[in-house]
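Data file: work.txt. Format and content: compact mmCIF, C-alpha atoms and all ligand atoms.
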# COMPACT_ATOMS: atom_id res chain seq x y z
CA MET C 1 0.00 0.00 0.00
CA ARG C 2 1.39 3.40 -0.99
CA TRP C 3 0.92 6.56 1.10
CA CYS C 4 0.24 9.75 -0.72
CA PRO C 5 0.06 13.24 0.94
CA GLY C 6 -3.50 13.79 -0.44
CA SER C 7 -4.98 10.72 1.32
CA VAL C 8 -3.30 11.63 4.65
CA LEU C 9 -4.81 15.11 4.47
CA HIS C 10 -8.24 13.65 3.73
CA LEU C 11 -7.99 11.26 6.73
CA GLN C 12 -6.94 14.09 9.07
CA ARG C 13 -9.83 16.24 7.87
CA SER C 14 -12.45 13.49 8.38
CA VAL C 15 -11.15 12.67 11.89
CA ARG C 16 -11.29 16.37 12.84
CA LEU C 17 -14.81 16.58 11.46
CA ARG C 18 -15.90 13.55 13.52
CA LEU C 19 -14.32 14.95 16.67
CA CYS C 20 -16.06 18.28 16.07
CA CYS C 21 -19.40 16.49 15.64
CA ARG C 22 -18.82 14.48 18.80
CA ARG C 23 -17.82 17.57 20.79
CA GLY C 24 -20.92 19.37 19.43
CA ARG C 25 -23.18 16.49 20.45
CA ASN C 26 -21.64 16.32 23.94
CA ARG C 27 -22.49 19.96 24.45
CA LEU C 28 -26.19 18.98 24.50
CA PRO C 29 -27.68 18.57 27.99
CA LEU C 30 -27.73 15.03 29.41
CA TRP C 31 -31.53 14.74 29.45
CA ILE C 32 -31.76 15.53 25.70
CA ARG C 33 -29.10 12.89 24.95
CA GLU C 34 -30.99 10.38 27.11
CA ILE C 35 -34.29 11.08 25.30
CA TRP C 36 -32.50 10.80 21.95
CA ALA C 37 -30.97 7.43 22.95
CA TYR C 38 -34.41 6.26 24.16
CA MET C 39 -36.09 7.26 20.87
CA ARG C 40 -33.37 5.45 18.88
CA LEU C 41 -33.90 2.34 21.00
CA LEU C 42 -37.64 2.64 20.43
CA VAL C 43 -37.26 2.76 16.64
CA ARG C 44 -34.80 -0.17 16.67
CA SER C 45 -37.16 -2.21 18.85
CA LEU C 46 -39.84 -1.92 16.14
CA CYS C 47 -37.77 -4.09 13.80
CA PHE C 48 -36.19 -6.25 16.50
CA ASN C 49 -37.19 -9.69 15.25
CA SER C 50 -39.46 -11.62 12.96
CA LEU C 51 -42.15 -11.97 15.67
CA THR C 52 -42.98 -8.24 15.42
CA ASP C 53 -46.71 -7.79 14.81
CA SER C 54 -49.31 -5.00 15.07
CA ASP C 55 -49.47 -5.35 18.90
CA VAL C 56 -45.71 -4.89 19.29
CA VAL C 57 -45.73 -1.85 16.96
CA PHE C 58 -48.71 -0.36 18.85
CA ASP C 59 -47.02 -0.94 22.23
CA SER C 60 -43.76 0.59 20.98
CA ILE C 61 -45.43 3.70 19.54
CA PHE C 62 -47.46 4.32 22.70
CA GLU C 63 -44.60 3.39 25.06
CA PRO C 64 -43.97 7.07 26.03
CA VAL C 65 -47.70 7.48 26.84
CA PHE C 66 -47.72 4.30 28.97
CA VAL C 67 -44.55 5.39 30.79
CA THR C 68 -46.07 8.83 31.55
CA VAL C 69 -49.35 7.29 32.81
CA ASP C 70 -47.39 4.79 34.96
CA TYR C 71 -45.25 7.61 36.37
CA VAL C 72 -48.28 9.80 37.23
CA THR C 73 -50.19 6.87 38.75
CA ARG C 74 -47.15 5.90 40.86
CA TRP C 75 -46.74 9.40 42.29
CA PHE C 76 -50.45 10.08 42.79
CA GLY C 77 -51.06 6.72 44.48
CA MET C 78 -51.09 8.18 48.01
CA VAL C 79 -53.42 11.01 46.88
CA PHE C 80 -56.01 8.46 45.72
CA VAL C 81 -55.70 6.50 48.97
CA CYS C 82 -56.17 9.69 51.02
CA LEU C 83 -59.21 10.54 48.88
CA VAL C 84 -60.83 7.14 49.61
CA VAL C 85 -60.13 7.49 53.35
CA ILE C 86 -61.39 11.10 53.55
CA LEU C 87 -64.59 10.47 51.53
CA THR C 88 -65.42 7.28 53.47
CA SER C 89 -64.71 8.97 56.81
CA SER C 90 -66.95 11.92 55.87
CA ILE C 91 -69.87 9.53 55.25
CA VAL C 92 -69.21 7.74 58.57
CA VAL C 93 -69.12 11.09 60.44
CA ILE C 94 -72.44 12.16 58.84
CA ALA C 95 -73.97 8.77 59.73
CA TYR C 96 -72.95 9.14 63.39
CA VAL C 97 -73.61 12.86 63.85
CA VAL C 98 -76.73 13.38 61.71
CA LEU C 99 -78.41 10.04 60.96
CA LEU C 100 -77.93 8.07 64.17
CA PRO C 101 -79.77 10.63 66.41
CA LEU C 102 -82.61 10.70 63.84
CA VAL C 103 -82.83 6.89 63.80
CA LEU C 104 -82.75 6.67 67.62
CA ASN C 105 -85.50 9.31 68.01
CA THR C 106 -87.93 8.20 65.29
CA TYR C 107 -87.54 4.45 64.56
CA SER C 108 -88.99 1.43 66.37
CA PRO C 109 -86.56 -0.71 68.48
CA ALA C 110 -86.47 -3.45 65.81
CA TRP C 111 -85.47 -0.98 63.07
CA ILE C 112 -82.92 0.65 65.39
CA ALA C 113 -81.33 -2.77 66.04
CA TRP C 114 -81.23 -3.56 62.29
CA HIS C 115 -79.63 -0.23 61.33
CA VAL C 116 -77.07 -0.31 64.15
CA CYS C 117 -76.07 -3.97 63.53
CA TYR C 118 -76.01 -3.85 59.73
CA GLY C 119 -74.29 -0.45 59.57
CA HIS C 120 -71.48 -1.48 61.91
CA TRP C 121 -70.98 -4.89 60.29
CA ASN C 122 -70.75 -3.25 56.85
CA LEU C 123 -68.35 -0.59 58.11
CA ILE C 124 -66.03 -3.18 59.71
CA MET C 125 -66.01 -5.27 56.50
CA ILE C 126 -65.16 -2.21 54.36
CA ALA C 127 -62.36 -1.00 56.68
CA PHE C 128 -60.87 -4.50 57.15
CA HIS C 129 -60.81 -5.40 53.44
CA TYR C 130 -59.54 -1.99 52.32
CA TYR C 131 -56.67 -2.11 54.81
CA LYS C 132 -55.77 -5.69 53.87
CA ALA C 133 -56.03 -5.05 50.11
CA ALA C 134 -53.76 -2.00 50.35
CA LYS C 135 -51.21 -3.45 52.78
CA THR C 136 -50.97 -7.11 51.64
CA SER C 137 -48.26 -7.83 49.11
CA PRO C 138 -49.82 -9.17 45.87
CA GLY C 139 -47.03 -11.80 45.61
CA TYR C 140 -43.80 -11.75 43.61
CA PRO C 141 -41.94 -14.57 41.82
CA PRO C 142 -38.68 -15.67 43.50
CA THR C 143 -35.55 -13.86 42.36
CA GLU C 144 -33.06 -16.55 43.41
CA ARG C 145 -32.39 -19.82 41.53
CA ASN C 146 -35.09 -22.47 42.00
CA ASP C 147 -36.54 -25.49 40.25
CA ARG C 148 -40.10 -24.11 39.99
CA PRO C 149 -41.73 -24.42 36.57
CA PHE C 150 -42.06 -21.21 34.54
CA VAL C 151 -43.69 -20.33 31.25
CA SER C 152 -41.58 -17.42 29.98
CA VAL C 153 -38.95 -14.85 30.96
CA CYS C 154 -39.89 -11.26 31.82
CA LYS C 155 -38.18 -8.91 29.35
CA LYS C 156 -37.99 -6.14 31.96
CA CYS C 157 -37.05 -8.04 35.15
CA ILE C 158 -34.99 -10.65 33.19
CA LEU C 159 -36.44 -13.30 35.51
CA PRO C 160 -38.50 -16.49 34.96
CA LYS C 161 -42.26 -15.90 34.97
CA PRO C 162 -44.48 -18.61 36.51
CA ALA C 163 -47.91 -19.24 34.94
CA ARG C 164 -50.43 -16.34 35.40
CA THR C 165 -47.61 -13.92 36.33
CA HIS C 166 -47.44 -10.53 34.57
CA HIS C 167 -45.19 -7.50 34.78
CA CYS C 168 -46.64 -4.32 36.32
CA GLY C 169 -45.18 -1.15 34.82
CA ILE C 170 -46.21 0.95 37.83
CA CYS C 171 -44.72 -1.35 40.51
CA ASN C 172 -41.91 -2.12 38.02
CA ARG C 173 -41.84 -5.82 38.91
CA CYS C 174 -43.60 -9.10 38.13
CA ILE C 175 -46.79 -9.91 40.07
CA LEU C 176 -48.16 -13.43 40.74
CA LYS C 177 -51.63 -13.94 39.18
CA MET C 178 -51.76 -10.24 38.41
CA ASP C 179 -55.24 -8.78 37.90
CA HIS C 180 -54.50 -5.05 37.59
CA HIS C 181 -52.77 -2.17 39.34
CA CYS C 182 -55.33 -0.33 41.46
CA PRO C 183 -54.57 3.39 42.04
CA TRP C 184 -57.29 3.54 44.74
CA LEU C 185 -55.25 1.02 46.77
CA ASN C 186 -51.83 2.25 45.59
CA ASN C 187 -51.07 -1.46 45.20
CA CYS C 188 -51.22 -4.18 42.60
CA VAL C 189 -54.08 -6.66 42.80
CA GLY C 190 -52.51 -10.12 42.60
CA HIS C 191 -52.61 -13.62 44.02
CA PHE C 192 -52.43 -12.74 47.74
CA ASN C 193 -54.77 -9.70 47.85
CA HIS C 194 -57.28 -10.41 45.07
CA ARG C 195 -59.88 -11.67 47.57
CA TYR C 196 -59.45 -8.57 49.78
CA PHE C 197 -59.86 -6.30 46.75
CA PHE C 198 -63.05 -8.00 45.58
CA SER C 199 -64.55 -8.13 49.09
CA PHE C 200 -63.78 -4.43 49.55
CA CYS C 201 -65.57 -3.60 46.25
CA LEU C 202 -68.51 -5.82 47.24
CA PHE C 203 -68.97 -4.43 50.77
CA MET C 204 -68.37 -0.84 49.67
CA THR C 205 -71.10 -1.26 47.01
CA LEU C 206 -73.44 -2.81 49.61
CA GLY C 207 -72.72 0.08 52.00
CA CYS C 208 -73.41 2.68 49.31
CA VAL C 209 -76.64 0.98 48.23
CA TYR C 210 -77.70 0.74 51.91
CA CYS C 211 -77.05 4.47 52.48
CA SER C 212 -78.69 5.40 49.20
CA ILE C 213 -81.89 3.39 49.81
CA SER C 214 -82.31 4.12 53.53
CA GLY C 215 -81.47 7.81 53.08
CA ARG C 216 -83.73 8.42 50.06
CA ASN C 217 -86.63 10.01 51.99
CA LEU C 218 -84.27 12.06 54.13
CA PHE C 219 -82.58 13.28 50.95
CA LEU C 220 -85.92 14.33 49.39
CA ASP C 221 -86.97 16.16 52.60
CA ALA C 222 -83.59 17.90 52.88
CA TYR C 223 -83.60 18.89 49.21
CA ASN C 224 -87.14 20.30 49.40
CA ALA C 225 -86.34 22.17 52.62
CA LEU C 226 -83.21 23.72 51.12
CA GLU C 227 -85.10 24.76 47.98
CA ARG C 228 -88.01 26.21 50.03
CA PHE C 229 -85.75 28.22 52.31
CA LYS C 230 -83.56 29.36 49.45
CA HIS C 231 -86.63 31.02 47.89
CA MET C 232 -87.70 32.45 51.24
CA ASP C 233 -84.21 33.91 51.71
CA LEU C 234 -84.50 35.61 48.34
CA GLU C 235 -87.90 37.04 49.24
CA LYS C 236 -86.75 38.52 52.56
CA PRO C 237 -87.37 42.28 52.76
CA GLY C 238 -84.45 44.55 52.10
CA ILE C 239 -82.06 41.81 50.91
CA PRO C 240 -80.41 42.82 47.65
CA VAL C 241 -80.24 40.03 45.08
CA THR C 242 -79.46 41.48 41.65
CA GLY C 243 -78.32 44.84 40.37
CA MET C 244 -81.83 46.16 40.88
CA GLY C 245 -81.89 44.47 44.29
CA LEU C 246 -78.93 46.61 45.27
CA LEU C 247 -81.05 49.67 44.55
CA ILE C 248 -84.00 48.25 46.54
CA GLY C 249 -81.66 47.63 49.46
CA LEU C 250 -81.02 51.34 49.67
CA LEU C 251 -84.75 52.12 49.91
CA PRO C 252 -86.49 52.46 53.33
CA SER C 253 -87.94 49.14 54.53
CA GLY C 254 -91.49 50.54 54.54
CA GLN C 255 -91.52 50.60 50.74
CA THR C 256 -91.13 46.80 50.36
CA ASN C 257 -94.15 44.50 49.98
CA PHE C 258 -93.09 41.68 52.39
CA HIS C 259 -93.50 42.25 56.08
CA THR C 260 -93.91 38.72 57.49
CA PRO C 261 -90.62 37.51 58.98
CA ALA C 262 -89.11 34.33 57.51
CA PRO C 263 -89.47 31.18 59.70
CA PRO C 264 -86.31 30.35 61.67
CA TYR C 265 -83.90 28.30 59.57
CA SER C 266 -80.71 28.06 61.52
CA PHE C 267 -77.20 27.42 60.22
CA ARG C 268 -77.31 24.03 61.95
CA ASP C 269 -80.46 22.99 60.02
CA LYS C 270 -78.88 24.10 56.78
CA MET C 271 -75.70 22.09 57.46
CA ILE C 272 -77.72 18.99 58.38
CA HIS C 273 -79.69 19.20 55.13
CA LYS C 274 -76.58 19.83 53.06
CA SER C 275 -74.73 16.88 54.60
CA ILE C 276 -77.68 14.56 53.92
CA ILE C 277 -77.71 15.69 50.26
CA TYR C 278 -73.91 15.26 50.02
CA MET C 279 -74.13 11.77 51.52
CA TRP C 280 -76.94 10.63 49.23
CA VAL C 281 -75.36 11.99 46.01
CA LEU C 282 -71.92 10.53 46.85
CA THR C 283 -73.16 7.08 47.93
CA SER C 284 -75.55 6.79 44.96
CA THR C 285 -72.85 7.73 42.43
CA VAL C 286 -70.19 5.48 43.96
CA GLY C 287 -72.76 2.69 44.39
CA VAL C 288 -73.57 2.67 40.65
CA ALA C 289 -69.94 2.98 39.45
CA LEU C 290 -68.45 0.52 41.94
CA GLY C 291 -71.44 -1.83 41.52
CA ALA C 292 -70.68 -2.11 37.78
CA LEU C 293 -66.99 -2.82 38.54
CA THR C 294 -67.91 -5.43 41.17
CA LEU C 295 -70.26 -7.19 38.75
CA TRP C 296 -67.52 -7.27 36.12
CA HIS C 297 -65.04 -8.82 38.57
CA ALA C 298 -67.70 -11.28 39.78
CA LEU C 299 -68.14 -12.43 36.16
CA LEU C 300 -64.38 -12.89 35.77
CA ILE C 301 -64.12 -14.86 39.04
CA SER C 302 -67.00 -17.11 37.90
CA ARG C 303 -64.98 -17.87 34.75
CA GLY C 304 -61.76 -18.46 36.74
CA GLU C 305 -59.81 -15.70 34.99
CA THR C 306 -58.22 -12.36 35.83
CA SER C 307 -58.70 -9.06 33.98
CA ILE C 308 -55.47 -9.66 32.02
CA GLU C 309 -56.34 -13.31 31.26
CA LYS C 310 -59.72 -12.17 29.90
CA HIS C 311 -57.93 -10.54 26.94
CA ILE C 312 -55.41 -13.38 26.55
CA ASN C 313 -58.15 -16.05 26.63
CA TYR C 314 -60.30 -14.08 24.17
CA LYS C 315 -57.42 -13.89 21.68
CA GLU C 316 -56.55 -17.55 22.19
CA ALA C 317 -60.21 -18.61 21.70
CA LYS C 318 -60.32 -16.62 18.44
CA ARG C 319 -57.05 -18.15 17.24
CA MET C 320 -58.19 -21.69 18.01
CA ALA C 321 -61.62 -21.08 16.47
CA LYS C 322 -59.85 -20.40 13.16
CA CYS C 323 -58.31 -23.88 13.43
CA GLY C 324 -61.76 -25.31 14.21
CA LYS C 325 -60.94 -26.03 17.87
CA ALA C 326 -62.65 -24.89 21.08
CA TYR C 327 -60.59 -23.16 23.76
CA LYS C 328 -60.98 -24.06 27.42
CA ASN C 329 -59.51 -21.95 30.21
CA PRO C 330 -57.17 -24.38 32.06
CA PHE C 331 -57.63 -22.50 35.39
CA SER C 332 -61.44 -22.77 35.44
CA PHE C 333 -63.00 -25.59 37.48
CA GLY C 334 -66.65 -24.68 37.01
CA ARG C 335 -68.55 -21.65 38.31
CA LEU C 336 -69.19 -22.76 41.92
CA ASN C 337 -65.72 -24.28 42.37
CA ASN C 338 -64.10 -21.11 41.06
CA TRP C 339 -65.88 -19.15 43.79
CA LYS C 340 -64.90 -21.71 46.45
CA ILE C 341 -61.25 -21.56 45.35
CA PHE C 342 -61.34 -17.75 45.24
CA PHE C 343 -62.78 -17.34 48.75
CA GLY C 344 -60.91 -20.35 50.18
CA VAL C 345 -64.13 -22.15 51.11
CA GLU C 346 -63.33 -25.74 52.15
CA LYS C 347 -66.42 -26.51 54.26
CA ARG C 348 -69.93 -25.05 54.64
CA SER C 349 -69.13 -22.91 57.70
CA HIS C 350 -66.43 -21.10 55.71
CA TRP C 351 -69.14 -19.25 53.73
CA VAL C 352 -69.83 -17.42 57.00
CA THR C 353 -66.42 -17.32 58.68
CA ARG C 354 -64.35 -16.63 55.55
CA VAL C 355 -66.77 -14.66 53.37
CA LEU C 356 -69.22 -12.81 55.63
CA LEU C 357 -66.77 -12.14 58.46
CA PRO C 358 -63.26 -10.62 58.37
CA SER C 359 -60.75 -13.40 57.70
CA GLY C 360 -57.03 -13.26 56.96
CA HIS C 361 -56.60 -16.82 55.62
CA ALA C 362 -54.09 -17.46 52.82
CA PRO C 363 -55.32 -18.19 49.25
CA HIS C 364 -55.67 -21.67 47.73
CA CYS C 365 -52.06 -22.22 46.48
CA ASP C 366 -48.66 -20.48 46.49
CA GLY C 367 -49.23 -18.64 43.17
CA LEU C 368 -46.17 -20.29 41.57
CA THR C 369 -47.67 -23.63 40.50
CA TRP C 370 -51.30 -24.15 39.53
CA ASP C 371 -53.69 -27.07 39.35
CA ILE C 372 -54.88 -27.53 35.80
CA SER C 373 -58.08 -29.42 35.26
CA PRO C 374 -58.93 -30.53 31.71
CA VAL C 375 -62.33 -31.88 32.76
CA LYS C 376 -65.07 -30.42 34.91
CA GLN C 377 -65.16 -32.00 38.37
CA ASP C 378 -66.28 -31.07 41.84
CA LEU C 379 -62.91 -30.58 43.52
CA ILE C 380 -64.24 -29.47 46.86
CA PRO C 381 -67.32 -31.41 47.94
CA VAL C 382 -69.14 -28.77 50.04
ZN ZN C 401 -41.22 -8.34 35.29
ZN ZN C 402 -48.56 -2.62 40.21
Rewrite the coordinates I just gave you, this time as structure tokens.
Ligand SMILES: [Zn+2]
Ligand SMILES: [Zn+2]
Amino acid sequence: MRWCPGSVLHLQRSVRLRLCCRRGRNRLPLWIREIWAYMRLLVRSLCFNSLTDSDVVFDSIFEPVFVTVDYVTRWFGMVFVCLVVILTSSIVVIAYVVLLPLVLNTYSPAWIAWHVCYGHWNLIMIAFHYYKAAKTSPGYPPTERNDRPFVSVCKKCILPKPARTHHCGICNRCILKMDHHCPWLNNCVGHFNHRYFFSFCLFMTLGCVYCSISGRNLFLDAYNALERFKHMDLEKPGIPVTGMGLLIGLLPSGQTNFHTPAPPYSFRDKMIHKSIIYMWVLTSTVGVALGALTLWHALLISRGETSIEKHINYKEAKRMAKCGKAYKNPFSFGRLNNWKIFFGVEKRSHWVTRVLLPSGHAPHCDGLTWDISPVKQDLIPV
């Protein structure tokens, strides 16, 4: 190979140019370089392998949106929990301060006993299940070496994933039998707290429906009273209401048409009526919304699947239908057995002690290995 002065000059010039470019790029702030590197990785991930399909492309394009939502949900988790606690406590305070004296003064002893017993039982069930759902760990796969069976490897944790395990972007780790991440609990709903989550939804819905139905007449009375006194306030002599009212307010009181004094409507009465309206509107709204969510989860539990598995099973059923085959969920043991497994009912008395009373018993299995039943059979003869 022969060196010529022209080629050496060209090489020196190109190296200088590259160094200049590199120096210029390094002058950019670190966060811009990080975003640039992330975007490049995102584009490369789109053509990563031959298994890329529309789902992978969709996930990759919306990855920044998912990351932002995960980030916001993670940081606002405690705000949502505080909101649940404050709103529930406000209803309890109204029930004790406003409703209980009314019930004690006007109802028969039998109705008083019913309201006091049912109300307190429902309140204990809500508080117990909310606390347990928020504080119980949903269950994580082991991080050390083990001989447990697994179905895939998590791309983010780089760890083996047992059956029914999914990665939560908000918790940033894999969750056993993951259902969803609940911002109202600031916790993932998984194998070990799924029952607490569902029971909380169920008893909160029952509590809202109870408040809404039993407080309906009180709400109507309070609403009518507020409306009536609002009009009477407006018709009081000498009280300016609009621009013209301001003028009337300056006139001597003898020139107004109304002389009868308004009936006494104290601040205390107004606050009582307003709190009854607040309670009824809040419990009715939450009762409808949470009732729909509870019904949806009840349907999923009957089918022996989680919210995530619902989508997976639907896709799998469609794929197998194209091949002329029927898909059967391997984790479903029939409607009644699915409920027994979910609540941990092993004998008749458990329907009371484990479902209708607070119970901290562990779920059916360890969440790492699962019984798979190809045929319908009564596993638990209750
Ligand atoms: Zn993971
Ligand atoms: Zn989570």
Dump the neighbourhood of ligand ZN 402 (chain C) as a count of residues only: all residues within 10 Å, distances computed on only C-alpha atoms and all ligand atoms. 25
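In this structure, atom CA of C:Ser54 sits 28.1 Å away from atom CA of C:Phe331.
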Selection near stretch 359-361 of chain C, 12 Å with all atoms listed in the file, sequence-local residues under 4 positions removed, as a list of chain:residue names: C:Ile124, C:Met125, C:Phe128, C:His129, C:Tyr131, C:Lys132, C:Ala133, C:Thr136, C:Phe192, C:Asn193, C:Arg195, C:Tyr196, C:Ser199, C:Phe342, C:Phe343, C:Gly344, C:Val345, C:Glu346, C:His350, C:Trp351, C:Val352, C:Thr353, C:Arg354, C:Val355, C:Cys365
Those same residues - C-alpha atoms - I'd like them written as an mmCIF file, keeping the file's coordinate frame.
data_model
loop_
_atom_site.group_PDB
_atom_site.id
_atom_site.type_symbol
_atom_site.label_atom_id
_atom_site.label_comp_id
_atom_site.auth_asym_id
_atom_site.auth_seq_id
_atom_site.Cartn_x
_atom_site.Cartn_y
_atom_site.Cartn_z
ATOM 1 C CA ILE C 124 -66.030 -3.180 59.710
ATOM 2 C CA MET C 125 -66.010 -5.270 56.500
ATOM 3 C CA PHE C 128 -60.870 -4.500 57.150
ATOM 4 C CA HIS C 129 -60.810 -5.400 53.440
ATOM 5 C CA TYR C 131 -56.670 -2.110 54.810
ATOM 6 C CA LYS C 132 -55.770 -5.690 53.870
ATOM 7 C CA ALA C 133 -56.030 -5.050 50.110
ATOM 8 C CA THR C 136 -50.970 -7.110 51.640
ATOM 9 C CA PHE C 192 -52.430 -12.740 47.740
ATOM 10 C CA ASN C 193 -54.770 -9.700 47.850
ATOM 11 C CA ARG C 195 -59.880 -11.670 47.570
ATOM 12 C CA TYR C 196 -59.450 -8.570 49.780
ATOM 13 C CA SER C 199 -64.550 -8.130 49.090
ATOM 14 C CA PHE C 342 -61.340 -17.750 45.240
ATOM 15 C CA PHE C 343 -62.780 -17.340 48.750
ATOM 16 C CA GLY C 344 -60.910 -20.350 50.180
ATOM 17 C CA VAL C 345 -64.130 -22.150 51.110
ATOM 18 C CA GLU C 346 -63.330 -25.740 52.150
ATOM 19 C CA HIS C 350 -66.430 -21.100 55.710
ATOM 20 C CA TRP C 351 -69.140 -19.250 53.730
ATOM 21 C CA VAL C 352 -69.830 -17.420 57.000
ATOM 22 C CA THR C 353 -66.420 -17.320 58.680
ATOM 23 C CA ARG C 354 -64.350 -16.630 55.550
ATOM 24 C CA VAL C 355 -66.770 -14.660 53.370
ATOM 25 C CA CYS C 365 -52.060 -22.220 46.480
#
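In this model, the gap between atom CA of C:Cys201 and atom CA of C:Lys347 comes to 24.3 Å.
Computed from the coordinates, the atom CA of C:Leu202 to atom CA of C:Ala110 distance equals 25.9 Å.
Among C:Leu226, C:Arg44, C:Leu290, C:Lys310, the residue with the shortest atom-to-atom distance to C:Ser266, counting only C-alpha atoms, is C:Leu226.
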With distances taken over only C-alpha atoms and all ligand atoms, the candidate from C:Lys156, C:Val209, C:Cys82, C:Asp221 nearest ligand ZN 401 (chain C) is C:Lys156
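Of the listed residues (C:Trp184, C:Tyr140, C:Phe229, C:Phe333), C:Tyr140 comes nearest to ligand ZN 401 (chain C); the distances count all atoms listed in the file.
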Compile the contact shell of C:Val116 as JSON, numbers by chain: residues with an atom at most 10 Å away, counting all atoms listed in the file, same-chain residues fewer than 5 positions apart removed. {"C": [100, 103, 104, 111, 121]}
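When all atoms listed in the file are used to compute distances to ligand ZN 401 (chain C), the closest of the residues C:Thr294, C:Thr143, C:Asn224, C:Asn329 turns out to be C:Thr143.
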Between C:Ser90, C:Thr106, C:Ser152, C:Asn122, which residue has the minimum interatomic distance to ligand ZN 401 (chain C), considering all atoms listed in the file? C:Ser152
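Considering the residues C:Gly139, C:Glu34, C:Gly304, C:Pro160 and counting all atoms listed in the file, ligand ZN 401 (chain C) has its shortest atom-to-atom contact with C:Pro160.
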